[in-house]
file start-v4.cif (mmCIF, N, CA and C atoms)
data_coords
#
loop_
_atom_site.label_atom_id
_atom_site.label_comp_id
_atom_site.auth_asym_id
_atom_site.auth_seq_id
_atom_site.Cartn_x
_atom_site.Cartn_y
_atom_site.Cartn_z
N MET M 13 -48.53 -13.71 61.31
CA MET M 13 -47.18 -14.19 61.08
C MET M 13 -46.51 -14.40 62.43
N SER M 14 -46.02 -15.62 62.66
CA SER M 14 -45.39 -15.89 63.95
C SER M 14 -43.93 -15.47 63.91
N ARG M 15 -43.48 -14.97 65.02
CA ARG M 15 -42.09 -14.51 65.11
C ARG M 15 -41.27 -15.54 65.85
N LEU M 16 -40.12 -15.83 65.33
CA LEU M 16 -39.19 -16.72 66.02
C LEU M 16 -38.45 -15.93 67.08
N PRO M 17 -38.16 -16.56 68.20
CA PRO M 17 -37.41 -15.82 69.23
C PRO M 17 -36.02 -15.46 68.73
N LEU M 18 -35.58 -14.30 69.14
CA LEU M 18 -34.24 -13.87 68.76
C LEU M 18 -33.20 -14.78 69.40
N PRO M 19 -32.13 -15.10 68.70
CA PRO M 19 -31.11 -15.94 69.31
C PRO M 19 -30.43 -15.18 70.46
N VAL M 20 -30.16 -15.90 71.51
CA VAL M 20 -29.48 -15.31 72.66
C VAL M 20 -28.08 -15.89 72.70
N ALA M 21 -27.08 -15.02 72.61
CA ALA M 21 -25.69 -15.48 72.54
C ALA M 21 -25.32 -16.32 73.77
N LYS M 22 -25.67 -15.84 74.91
CA LYS M 22 -25.37 -16.55 76.15
C LYS M 22 -26.69 -17.04 76.73
N ARG M 23 -27.13 -18.20 76.25
CA ARG M 23 -28.47 -18.68 76.62
C ARG M 23 -28.59 -19.00 78.10
N TYR M 24 -27.66 -19.80 78.62
CA TYR M 24 -27.73 -20.21 80.02
C TYR M 24 -26.71 -19.43 80.84
N VAL M 25 -27.18 -18.76 81.88
CA VAL M 25 -26.29 -17.97 82.72
C VAL M 25 -26.43 -18.39 84.18
N LEU M 26 -25.34 -18.32 84.90
CA LEU M 26 -25.31 -18.66 86.31
C LEU M 26 -25.55 -17.40 87.13
N ARG M 27 -26.47 -17.49 88.06
CA ARG M 27 -26.74 -16.39 88.98
C ARG M 27 -26.58 -16.92 90.41
N LEU M 28 -25.87 -16.16 91.22
CA LEU M 28 -25.60 -16.57 92.60
C LEU M 28 -26.26 -15.61 93.58
N PHE M 29 -26.75 -16.19 94.66
CA PHE M 29 -27.34 -15.40 95.75
C PHE M 29 -26.66 -15.87 97.03
N ILE M 30 -25.96 -14.96 97.66
CA ILE M 30 -25.19 -15.31 98.85
C ILE M 30 -25.57 -14.38 99.99
N SER M 31 -25.99 -14.98 101.10
CA SER M 31 -26.26 -14.21 102.31
C SER M 31 -25.35 -14.77 103.40
N LEU M 32 -25.46 -14.24 104.59
CA LEU M 32 -24.64 -14.77 105.68
C LEU M 32 -24.99 -16.23 105.97
N LYS M 33 -26.27 -16.58 105.86
CA LYS M 33 -26.72 -17.91 106.24
C LYS M 33 -26.82 -18.90 105.08
N TYR M 34 -27.08 -18.42 103.87
CA TYR M 34 -27.38 -19.33 102.76
C TYR M 34 -26.65 -18.98 101.48
N VAL M 35 -26.52 -20.01 100.64
CA VAL M 35 -25.94 -19.86 99.31
C VAL M 35 -26.91 -20.52 98.34
N THR M 36 -27.28 -19.80 97.28
CA THR M 36 -28.16 -20.35 96.25
C THR M 36 -27.53 -20.08 94.90
N ALA M 37 -27.57 -21.09 94.03
CA ALA M 37 -27.05 -20.96 92.67
C ALA M 37 -28.15 -21.37 91.70
N ASN M 38 -28.43 -20.50 90.73
CA ASN M 38 -29.45 -20.77 89.72
C ASN M 38 -28.84 -20.71 88.34
N VAL M 39 -29.31 -21.56 87.45
CA VAL M 39 -28.99 -21.44 86.03
C VAL M 39 -30.26 -20.95 85.36
N VAL M 40 -30.15 -19.80 84.68
CA VAL M 40 -31.30 -19.15 84.06
C VAL M 40 -31.21 -19.30 82.54
N ASP M 41 -32.32 -19.69 81.93
CA ASP M 41 -32.43 -19.74 80.48
C ASP M 41 -32.87 -18.35 80.04
N ARG M 42 -31.99 -17.62 79.37
CA ARG M 42 -32.30 -16.25 79.00
C ARG M 42 -33.36 -16.16 77.91
N ARG M 43 -33.56 -17.26 77.17
CA ARG M 43 -34.63 -17.24 76.16
C ARG M 43 -36.00 -17.16 76.80
N SER M 44 -36.20 -17.96 77.83
CA SER M 44 -37.52 -18.00 78.48
C SER M 44 -37.57 -17.12 79.73
N GLY M 45 -36.39 -16.75 80.26
CA GLY M 45 -36.34 -15.96 81.47
C GLY M 45 -36.61 -16.77 82.73
N ARG M 46 -36.54 -18.10 82.61
CA ARG M 46 -36.86 -18.97 83.73
C ARG M 46 -35.62 -19.64 84.30
N VAL M 47 -35.70 -19.95 85.59
CA VAL M 47 -34.66 -20.73 86.25
C VAL M 47 -34.87 -22.18 85.82
N VAL M 48 -33.84 -22.79 85.22
CA VAL M 48 -33.98 -24.17 84.75
C VAL M 48 -33.41 -25.18 85.75
N VAL M 49 -32.41 -24.78 86.51
CA VAL M 49 -31.82 -25.64 87.53
C VAL M 49 -31.40 -24.77 88.71
N THR M 50 -31.61 -25.29 89.90
CA THR M 50 -31.25 -24.53 91.10
C THR M 50 -30.73 -25.47 92.18
N ALA M 51 -29.91 -24.93 93.06
CA ALA M 51 -29.43 -25.65 94.24
C ALA M 51 -29.21 -24.60 95.33
N SER M 52 -29.50 -24.98 96.56
CA SER M 52 -29.37 -24.02 97.65
C SER M 52 -29.06 -24.72 98.96
N SER M 53 -28.32 -24.04 99.81
CA SER M 53 -28.02 -24.57 101.14
C SER M 53 -29.26 -24.50 102.04
N VAL M 54 -30.35 -23.90 101.56
CA VAL M 54 -31.61 -23.86 102.30
C VAL M 54 -32.30 -25.23 102.24
N GLU M 55 -32.03 -25.99 101.17
CA GLU M 55 -32.67 -27.29 100.98
C GLU M 55 -32.34 -28.22 102.14
N LYS M 56 -33.35 -28.94 102.58
CA LYS M 56 -33.21 -29.80 103.76
C LYS M 56 -32.06 -30.81 103.58
N ALA M 57 -32.00 -31.47 102.43
CA ALA M 57 -30.97 -32.50 102.21
C ALA M 57 -29.56 -31.90 102.29
N LEU M 58 -29.39 -30.71 101.75
CA LEU M 58 -28.07 -30.05 101.80
C LEU M 58 -27.79 -29.50 103.19
N LYS M 59 -28.79 -28.87 103.77
CA LYS M 59 -28.62 -28.22 105.07
C LYS M 59 -28.20 -29.23 106.14
N GLU M 60 -28.79 -30.43 106.09
CA GLU M 60 -28.48 -31.44 107.09
C GLU M 60 -27.03 -31.92 107.00
N GLY M 61 -26.48 -31.93 105.79
CA GLY M 61 -25.11 -32.39 105.61
C GLY M 61 -24.06 -31.33 105.87
N LEU M 62 -24.49 -30.10 106.08
CA LEU M 62 -23.56 -28.99 106.30
C LEU M 62 -23.64 -28.50 107.73
N GLU M 63 -22.55 -27.94 108.18
CA GLU M 63 -22.53 -27.34 109.50
C GLU M 63 -22.42 -25.83 109.35
N CYS M 64 -23.49 -25.24 108.81
CA CYS M 64 -23.46 -23.80 108.57
C CYS M 64 -23.62 -22.99 109.84
N GLY M 65 -24.48 -23.43 110.73
CA GLY M 65 -24.70 -22.64 111.94
C GLY M 65 -25.24 -21.28 111.57
N ARG M 66 -24.60 -20.25 112.07
CA ARG M 66 -25.06 -18.88 111.80
C ARG M 66 -24.53 -18.35 110.48
N THR M 67 -23.47 -18.96 109.96
CA THR M 67 -22.92 -18.49 108.69
C THR M 67 -22.61 -19.68 107.78
N CYS M 68 -22.67 -19.41 106.51
CA CYS M 68 -22.34 -20.43 105.51
C CYS M 68 -20.94 -20.14 104.98
N ASN M 69 -20.12 -21.18 104.84
CA ASN M 69 -18.75 -20.97 104.42
C ASN M 69 -18.51 -21.49 103.00
N ALA M 70 -17.27 -21.46 102.58
CA ALA M 70 -16.91 -21.90 101.23
C ALA M 70 -17.19 -23.38 101.02
N LYS M 71 -17.09 -24.16 102.09
CA LYS M 71 -17.39 -25.60 101.99
C LYS M 71 -18.85 -25.80 101.60
N ALA M 72 -19.74 -25.03 102.21
CA ALA M 72 -21.16 -25.10 101.88
C ALA M 72 -21.40 -24.63 100.44
N ALA M 73 -20.69 -23.59 100.03
CA ALA M 73 -20.83 -23.08 98.67
C ALA M 73 -20.39 -24.14 97.66
N ALA M 74 -19.30 -24.85 97.95
CA ALA M 74 -18.82 -25.91 97.07
C ALA M 74 -19.85 -27.03 96.97
N ALA M 75 -20.48 -27.36 98.10
CA ALA M 75 -21.51 -28.40 98.10
C ALA M 75 -22.70 -27.99 97.22
N VAL M 76 -23.08 -26.72 97.28
CA VAL M 76 -24.15 -26.21 96.42
C VAL M 76 -23.73 -26.34 94.95
N GLY M 77 -22.48 -26.01 94.63
CA GLY M 77 -21.98 -26.15 93.27
C GLY M 77 -22.01 -27.59 92.79
N GLU M 78 -21.65 -28.53 93.67
CA GLU M 78 -21.68 -29.96 93.32
C GLU M 78 -23.10 -30.43 93.01
N VAL M 79 -24.04 -30.05 93.85
CA VAL M 79 -25.44 -30.44 93.65
C VAL M 79 -25.97 -29.83 92.36
N LEU M 80 -25.64 -28.58 92.10
CA LEU M 80 -26.07 -27.93 90.87
C LEU M 80 -25.51 -28.66 89.66
N ALA M 81 -24.24 -29.05 89.72
CA ALA M 81 -23.61 -29.79 88.62
C ALA M 81 -24.34 -31.11 88.36
N MET M 82 -24.66 -31.82 89.42
CA MET M 82 -25.36 -33.11 89.26
C MET M 82 -26.74 -32.90 88.64
N ARG M 83 -27.42 -31.85 89.07
CA ARG M 83 -28.76 -31.57 88.51
C ARG M 83 -28.66 -31.15 87.05
N LEU M 84 -27.62 -30.42 86.69
CA LEU M 84 -27.43 -30.06 85.29
C LEU M 84 -27.21 -31.32 84.45
N LYS M 85 -26.45 -32.28 84.98
CA LYS M 85 -26.21 -33.54 84.27
C LYS M 85 -27.51 -34.31 84.09
N VAL M 86 -28.30 -34.40 85.14
CA VAL M 86 -29.57 -35.13 85.07
C VAL M 86 -30.50 -34.50 84.03
N ASP M 87 -30.50 -33.18 83.96
CA ASP M 87 -31.37 -32.47 83.02
C ASP M 87 -30.77 -32.38 81.61
N GLY M 88 -29.57 -32.94 81.44
CA GLY M 88 -28.93 -32.93 80.12
C GLY M 88 -28.35 -31.58 79.73
N LEU M 89 -28.06 -30.74 80.72
CA LEU M 89 -27.54 -29.40 80.43
C LEU M 89 -26.06 -29.23 80.75
N ALA M 90 -25.41 -30.26 81.27
CA ALA M 90 -24.01 -30.12 81.68
C ALA M 90 -23.10 -29.80 80.51
N ARG M 91 -23.44 -30.26 79.31
CA ARG M 91 -22.61 -29.99 78.13
C ARG M 91 -22.95 -28.66 77.46
N GLU M 92 -24.10 -28.10 77.81
CA GLU M 92 -24.47 -26.79 77.27
C GLU M 92 -23.55 -25.73 77.89
N PRO M 93 -23.19 -24.72 77.13
CA PRO M 93 -22.35 -23.67 77.75
C PRO M 93 -23.14 -22.88 78.80
N ILE M 94 -22.59 -22.84 80.00
CA ILE M 94 -23.17 -22.06 81.10
C ILE M 94 -22.22 -20.88 81.32
N TYR M 95 -22.75 -19.69 81.23
CA TYR M 95 -21.91 -18.49 81.32
C TYR M 95 -21.98 -17.88 82.72
N ALA M 96 -20.83 -17.43 83.19
CA ALA M 96 -20.74 -16.78 84.50
C ALA M 96 -19.76 -15.62 84.42
N ASP M 97 -20.04 -14.60 85.18
CA ASP M 97 -19.15 -13.44 85.28
C ASP M 97 -18.69 -13.37 86.73
N ALA M 98 -17.56 -14.02 87.01
CA ALA M 98 -17.08 -14.11 88.39
C ALA M 98 -16.79 -12.74 88.99
N ALA M 99 -16.19 -11.86 88.21
CA ALA M 99 -15.87 -10.52 88.73
C ALA M 99 -17.14 -9.78 89.14
N LYS M 100 -18.18 -9.90 88.32
CA LYS M 100 -19.45 -9.24 88.62
C LYS M 100 -20.09 -9.86 89.86
N GLU M 101 -20.04 -11.19 89.96
CA GLU M 101 -20.63 -11.86 91.12
C GLU M 101 -19.90 -11.47 92.41
N VAL M 102 -18.56 -11.40 92.35
CA VAL M 102 -17.79 -10.99 93.53
C VAL M 102 -18.12 -9.54 93.88
N GLU M 103 -18.22 -8.70 92.86
CA GLU M 103 -18.53 -7.28 93.08
C GLU M 103 -19.91 -7.13 93.74
N LYS M 104 -20.88 -7.89 93.24
CA LYS M 104 -22.24 -7.82 93.79
C LYS M 104 -22.30 -8.35 95.21
N LYS M 105 -21.57 -9.43 95.48
CA LYS M 105 -21.66 -10.10 96.78
C LYS M 105 -20.70 -9.53 97.81
N GLY M 106 -19.76 -8.74 97.36
CA GLY M 106 -18.78 -8.19 98.28
C GLY M 106 -17.51 -9.02 98.27
N PHE M 107 -16.40 -8.35 98.46
CA PHE M 107 -15.08 -8.98 98.37
C PHE M 107 -14.94 -10.15 99.34
N LYS M 108 -15.56 -10.05 100.52
CA LYS M 108 -15.40 -11.11 101.52
C LYS M 108 -16.07 -12.42 101.08
N ASN M 109 -16.95 -12.37 100.09
CA ASN M 109 -17.61 -13.57 99.60
C ASN M 109 -16.94 -14.18 98.37
N ARG M 110 -15.78 -13.67 97.99
CA ARG M 110 -15.11 -14.17 96.77
C ARG M 110 -14.78 -15.65 96.86
N THR M 111 -14.41 -16.13 98.07
CA THR M 111 -14.08 -17.55 98.20
C THR M 111 -15.32 -18.42 97.98
N LYS M 112 -16.49 -17.94 98.37
CA LYS M 112 -17.72 -18.69 98.13
C LYS M 112 -18.05 -18.73 96.64
N VAL M 113 -17.91 -17.58 95.98
CA VAL M 113 -18.17 -17.52 94.54
C VAL M 113 -17.25 -18.49 93.81
N TRP M 114 -15.96 -18.45 94.11
CA TRP M 114 -15.02 -19.33 93.42
C TRP M 114 -15.19 -20.79 93.81
N ALA M 115 -15.66 -21.05 95.03
CA ALA M 115 -15.93 -22.44 95.44
C ALA M 115 -17.04 -23.03 94.57
N ILE M 116 -18.07 -22.25 94.30
CA ILE M 116 -19.17 -22.72 93.44
C ILE M 116 -18.66 -22.94 92.01
N LEU M 117 -17.94 -21.96 91.47
CA LEU M 117 -17.44 -22.06 90.10
C LEU M 117 -16.50 -23.25 89.93
N ASN M 118 -15.60 -23.44 90.88
CA ASN M 118 -14.65 -24.56 90.80
C ASN M 118 -15.35 -25.91 90.93
N ALA M 119 -16.37 -25.98 91.78
CA ALA M 119 -17.13 -27.23 91.92
C ALA M 119 -17.84 -27.57 90.61
N LEU M 120 -18.41 -26.57 89.97
CA LEU M 120 -19.08 -26.81 88.68
C LEU M 120 -18.08 -27.32 87.65
N ARG M 121 -16.95 -26.65 87.56
CA ARG M 121 -15.91 -27.07 86.60
C ARG M 121 -15.41 -28.48 86.87
N SER M 122 -15.13 -28.77 88.13
CA SER M 122 -14.55 -30.08 88.47
C SER M 122 -15.54 -31.22 88.30
N HIS M 123 -16.82 -30.90 88.20
CA HIS M 123 -17.83 -31.93 87.99
C HIS M 123 -18.31 -31.96 86.54
N GLY M 124 -17.52 -31.40 85.64
CA GLY M 124 -17.77 -31.57 84.21
C GLY M 124 -18.75 -30.62 83.56
N VAL M 125 -19.13 -29.55 84.25
CA VAL M 125 -20.03 -28.58 83.64
C VAL M 125 -19.25 -27.72 82.65
N ASN M 126 -19.86 -27.43 81.51
CA ASN M 126 -19.24 -26.63 80.46
C ASN M 126 -19.37 -25.15 80.85
N LEU M 127 -18.57 -24.74 81.82
CA LEU M 127 -18.64 -23.39 82.38
C LEU M 127 -17.75 -22.45 81.60
N HIS M 128 -18.32 -21.32 81.18
CA HIS M 128 -17.57 -20.29 80.46
C HIS M 128 -17.54 -19.03 81.31
N LEU M 129 -16.34 -18.63 81.70
CA LEU M 129 -16.19 -17.40 82.47
C LEU M 129 -15.93 -16.25 81.52
N ASP M 130 -16.44 -15.08 81.86
CA ASP M 130 -16.18 -13.91 81.04
C ASP M 130 -14.68 -13.65 80.98
N GLN M 131 -14.24 -13.01 79.93
CA GLN M 131 -12.81 -12.88 79.61
C GLN M 131 -11.99 -12.21 80.69
N ASP M 132 -12.60 -11.38 81.49
CA ASP M 132 -11.84 -10.68 82.54
C ASP M 132 -11.50 -11.60 83.71
N ASP M 133 -12.14 -12.78 83.76
CA ASP M 133 -11.97 -13.68 84.89
C ASP M 133 -10.85 -14.67 84.60
N HIS M 134 -9.77 -14.57 85.37
CA HIS M 134 -8.61 -15.44 85.15
C HIS M 134 -8.48 -16.50 86.21
N GLY M 135 -9.37 -16.53 87.18
CA GLY M 135 -9.30 -17.52 88.23
C GLY M 135 -9.40 -16.87 89.58
N PRO M 136 -9.42 -17.69 90.61
CA PRO M 136 -9.55 -17.14 91.95
C PRO M 136 -8.33 -16.30 92.32
N PRO M 137 -8.57 -15.26 93.11
CA PRO M 137 -7.45 -14.42 93.51
C PRO M 137 -6.48 -15.18 94.42
N ALA M 138 -5.24 -14.82 94.36
CA ALA M 138 -4.22 -15.44 95.22
C ALA M 138 -4.43 -14.94 96.65
N CYS M 139 -4.15 -15.81 97.59
CA CYS M 139 -4.27 -15.41 99.00
C CYS M 139 -3.11 -14.48 99.36
N PRO M 140 -3.39 -13.46 100.15
CA PRO M 140 -2.32 -12.52 100.52
C PRO M 140 -1.33 -13.12 101.49
#
call {"tool": "encode", "arguments": {"input": "start-v4.cif", "output": "structure tokens"}}
result
Amino acid sequence: MSRLPLPVAKRYVLRLFISLKYVTANVVDRRSGRVVVTASSVEKALKEGLECGRTCNAKAAAAVGEVLAMRLKVDGLAREPIYADAAKEVEKKGFKNRTKVWAILNALRSHGVNLHLDQDDHGPPACP
């Protein structure tokens, strides 16, 4: 008897990896456990257009978000709900990286991705 996979409430989730030098954004299909779309400032085409130097800034993070959005559109996933937990991503990456996290999220939203933020996320923090 074959078993059908259990339904996953949040099928596609956004995972961010931020270091001093690079920013990578992946969309993971939780049903298969695989990365379905990815974009990174490590990629030659992106790296050449950015002036990261020793550190990557919010501008580079936004560019990664734009490329990810375009790839989601090409793969037909832009209309699928993509879930993100901004508070968790900021917590994992450290408070100083919050502008990079929000730059990626805002780039995805502004390029038509069906991005769903967890309920605790009300938007980027106000500047002090």
call {"tool": "residues_around", "arguments": {"input": "start-v4.cif", "residues": "Leu117 of chain M", "least_positions_apart": "5", "cutoff": "6.5 Å", "atoms": "all atoms listed in the file", "output": "ChimeraX atom specification"}}
result
/M:77,112,122
call {"tool": "resolve_selection", "arguments": {"input": "start-v4.cif", "expression": "the PyMOL selection byres ((chain M and resi 111) around 8)", "output": "PyMOL selection string"}}
result
chain M and resi 69-71+73-74+102+106-110+112-117+136-137
call {"tool": "resolve_selection", "arguments": {"input": "start-v4.cif", "expression": "the PyMOL selection byres ((chain M and resi 88-96) around 8)", "output": "number ranges by chain"}}
result
M: 22-27, 39, 81-87, 97-101, 123-131
call {"tool": "write_last_selection", "arguments": {"input": "start-v4.cif", "atoms": "N, CA and C atoms", "output": "JSON list (two decimals), in the frame of the given file"}}
result
[["chain", "number", "residue", "atom", "x", "y", "z"],
["M", 22, "LYS", "N", -25.67, -15.84, 74.91],
["M", 22, "LYS", "CA", -25.37, -16.55, 76.15],
["M", 22, "LYS", "C", -26.69, -17.04, 76.73],
["M", 23, "ARG", "N", -27.13, -18.20, 76.25],
["M", 23, "ARG", "CA", -28.47, -18.68, 76.62],
["M", 23, "ARG", "C", -28.59, -19.00, 78.10],
["M", 24, "TYR", "N", -27.66, -19.80, 78.62],
["M", 24, "TYR", "CA", -27.73, -20.21, 80.02],
["M", 24, "TYR", "C", -26.71, -19.43, 80.84],
["M", 25, "VAL", "N", -27.18, -18.76, 81.88],
["M", 25, "VAL", "CA", -26.29, -17.97, 82.72],
["M", 25, "VAL", "C", -26.43, -18.39, 84.18],
["M", 26, "LEU", "N", -25.34, -18.32, 84.90],
["M", 26, "LEU", "CA", -25.31, -18.66, 86.31],
["M", 26, "LEU", "C", -25.55, -17.40, 87.13],
["M", 27, "ARG", "N", -26.47, -17.49, 88.06],
["M", 27, "ARG", "CA", -26.74, -16.39, 88.98],
["M", 27, "ARG", "C", -26.58, -16.92, 90.41],
["M", 39, "VAL", "N", -29.31, -21.56, 87.45],
["M", 39, "VAL", "CA", -28.99, -21.44, 86.03],
["M", 39, "VAL", "C", -30.26, -20.95, 85.36],
["M", 81, "ALA", "N", -24.24, -29.05, 89.72],
["M", 81, "ALA", "CA", -23.61, -29.79, 88.62],
["M", 81, "ALA", "C", -24.34, -31.11, 88.36],
["M", 82, "MET", "N", -24.66, -31.82, 89.42],
["M", 82, "MET", "CA", -25.36, -33.11, 89.26],
["M", 82, "MET", "C", -26.74, -32.90, 88.64],
["M", 83, "ARG", "N", -27.42, -31.85, 89.07],
["M", 83, "ARG", "CA", -28.76, -31.57, 88.51],
["M", 83, "ARG", "C", -28.66, -31.15, 87.05],
["M", 84, "LEU", "N", -27.62, -30.42, 86.69],
["M", 84, "LEU", "CA", -27.43, -30.06, 85.29],
["M", 84, "LEU", "C", -27.21, -31.32, 84.45],
["M", 85, "LYS", "N", -26.45, -32.28, 84.98],
["M", 85, "LYS", "CA", -26.21, -33.54, 84.27],
["M", 85, "LYS", "C", -27.51, -34.31, 84.09],
["M", 86, "VAL", "N", -28.30, -34.40, 85.14],
["M", 86, "VAL", "CA", -29.57, -35.13, 85.07],
["M", 86, "VAL", "C", -30.50, -34.50, 84.03],
["M", 87, "ASP", "N", -30.50, -33.18, 83.96],
["M", 87, "ASP", "CA", -31.37, -32.47, 83.02],
["M", 87, "ASP", "C", -30.77, -32.38, 81.61],
["M", 97, "ASP", "N", -20.04, -14.60, 85.18],
["M", 97, "ASP", "CA", -19.15, -13.44, 85.28],
["M", 97, "ASP", "C", -18.69, -13.37, 86.73],
["M", 98, "ALA", "N", -17.56, -14.02, 87.01],
["M", 98, "ALA", "CA", -17.08, -14.11, 88.39],
["M", 98, "ALA", "C", -16.79, -12.74, 88.99],
["M", 99, "ALA", "N", -16.19, -11.86, 88.21],
["M", 99, "ALA", "CA", -15.87, -10.52, 88.73],
["M", 99, "ALA", "C", -17.14, -9.78, 89.14],
["M", 100, "LYS", "N", -18.18, -9.90, 88.32],
["M", 100, "LYS", "CA", -19.45, -9.24, 88.62],
["M", 100, "LYS", "C", -20.09, -9.86, 89.86],
["M", 101, "GLU", "N", -20.04, -11.19, 89.96],
["M", 101, "GLU", "CA", -20.63, -11.86, 91.12],
["M", 101, "GLU", "C", -19.90, -11.47, 92.41],
["M", 123, "HIS", "N", -16.82, -30.90, 88.20],
["M", 123, "HIS", "CA", -17.83, -31.93, 87.99],
["M", 123, "HIS", "C", -18.31, -31.96, 86.54],
["M", 124, "GLY", "N", -17.52, -31.40, 85.64],
["M", 124, "GLY", "CA", -17.77, -31.57, 84.21],
["M", 124, "GLY", "C", -18.75, -30.62, 83.56],
["M", 125, "VAL", "N", -19.13, -29.55, 84.25],
["M", 125, "VAL", "CA", -20.03, -28.58, 83.64],
["M", 125, "VAL", "C", -19.25, -27.72, 82.65],
["M", 126, "ASN", "N", -19.86, -27.43, 81.51],
["M", 126, "ASN", "CA", -19.24, -26.63, 80.46],
["M", 126, "ASN", "C", -19.37, -25.15, 80.85],
["M", 127, "LEU", "N", -18.57, -24.74, 81.82],
["M", 127, "LEU", "CA", -18.64, -23.39, 82.38],
["M", 127, "LEU", "C", -17.75, -22.45, 81.60],
["M", 128, "HIS", "N", -18.32, -21.32, 81.18],
["M", 128, "HIS", "CA", -17.57, -20.29, 80.46],
["M", 128, "HIS", "C", -17.54, -19.03, 81.31],
["M", 129, "LEU", "N", -16.34, -18.63, 81.70],
["M", 129, "LEU", "CA", -16.19, -17.40, 82.47],
["M", 129, "LEU", "C", -15.93, -16.25, 81.52],
["M", 130, "ASP", "N", -16.44, -15.08, 81.86],
["M", 130, "ASP", "CA", -16.18, -13.91, 81.04],
["M", 130, "ASP", "C", -14.68, -13.65, 80.98],
["M", 131, "GLN", "N", -14.24, -13.01, 79.93],
["M", 131, "GLN", "CA", -12.81, -12.88, 79.61],
["M", 131, "GLN", "C", -11.99, -12.21, 80.69]]
call {"tool": "resolve_selection", "arguments": {"input": "start-v4.cif", "expression": "the PyMOL selection byres (((chain M and resi 50 and name CA) around 6) and name CA)", "output": "list in words"}}
result
Ala37, Asn38, Val49 and Ala51 of chain M
call {"tool": "atom_distance", "arguments": {"input": "start-v4.cif", "atom1": "atom CA of Leu32 of chain M", "atom2": "atom CA of Gly45 of chain M"}}
result
26.9 Å
call {"tool": "atom_distance", "arguments": {"input": "start-v4.cif", "atom1": "atom C of Ser52 of chain M", "atom2": "atom CA of Ala21 of chain M"}}
result
28.2 Å
call {"tool": "residues_around", "arguments": {"input": "start-v4.cif", "residues": "Cys68 of chain M", "least_positions_apart": "6", "cutoff": "7 Å", "atoms": "all atoms listed in the file", "output": "list in words"}}
result
Ser31, Leu32, Lys33, Tyr34 and Val35 of chain M
call {"tool": "select_by_dssp", "arguments": {"input": "start-v4.cif", "residues": "chain M", "states": "strand (DSSP E or B)", "output": "list in words"}}
result
Tyr24, Val25, Leu26, Arg27, Leu28, Phe29, Ile30, Val35, Thr36, Ala37, Asn38, Val39, Val40, Asp41, Arg46, Val47, Val48, Val49, Thr50, Ala51, Ser52, Ile94, Tyr95, Ala96, Leu127, His128 and Leu129 of chain M
call {"tool": "atom_distance", "arguments": {"input": "start-v4.cif", "atom1": "atom N of Val79 of chain M", "atom2": "atom C of Ala119 of chain M"}}
result
7.4 Å
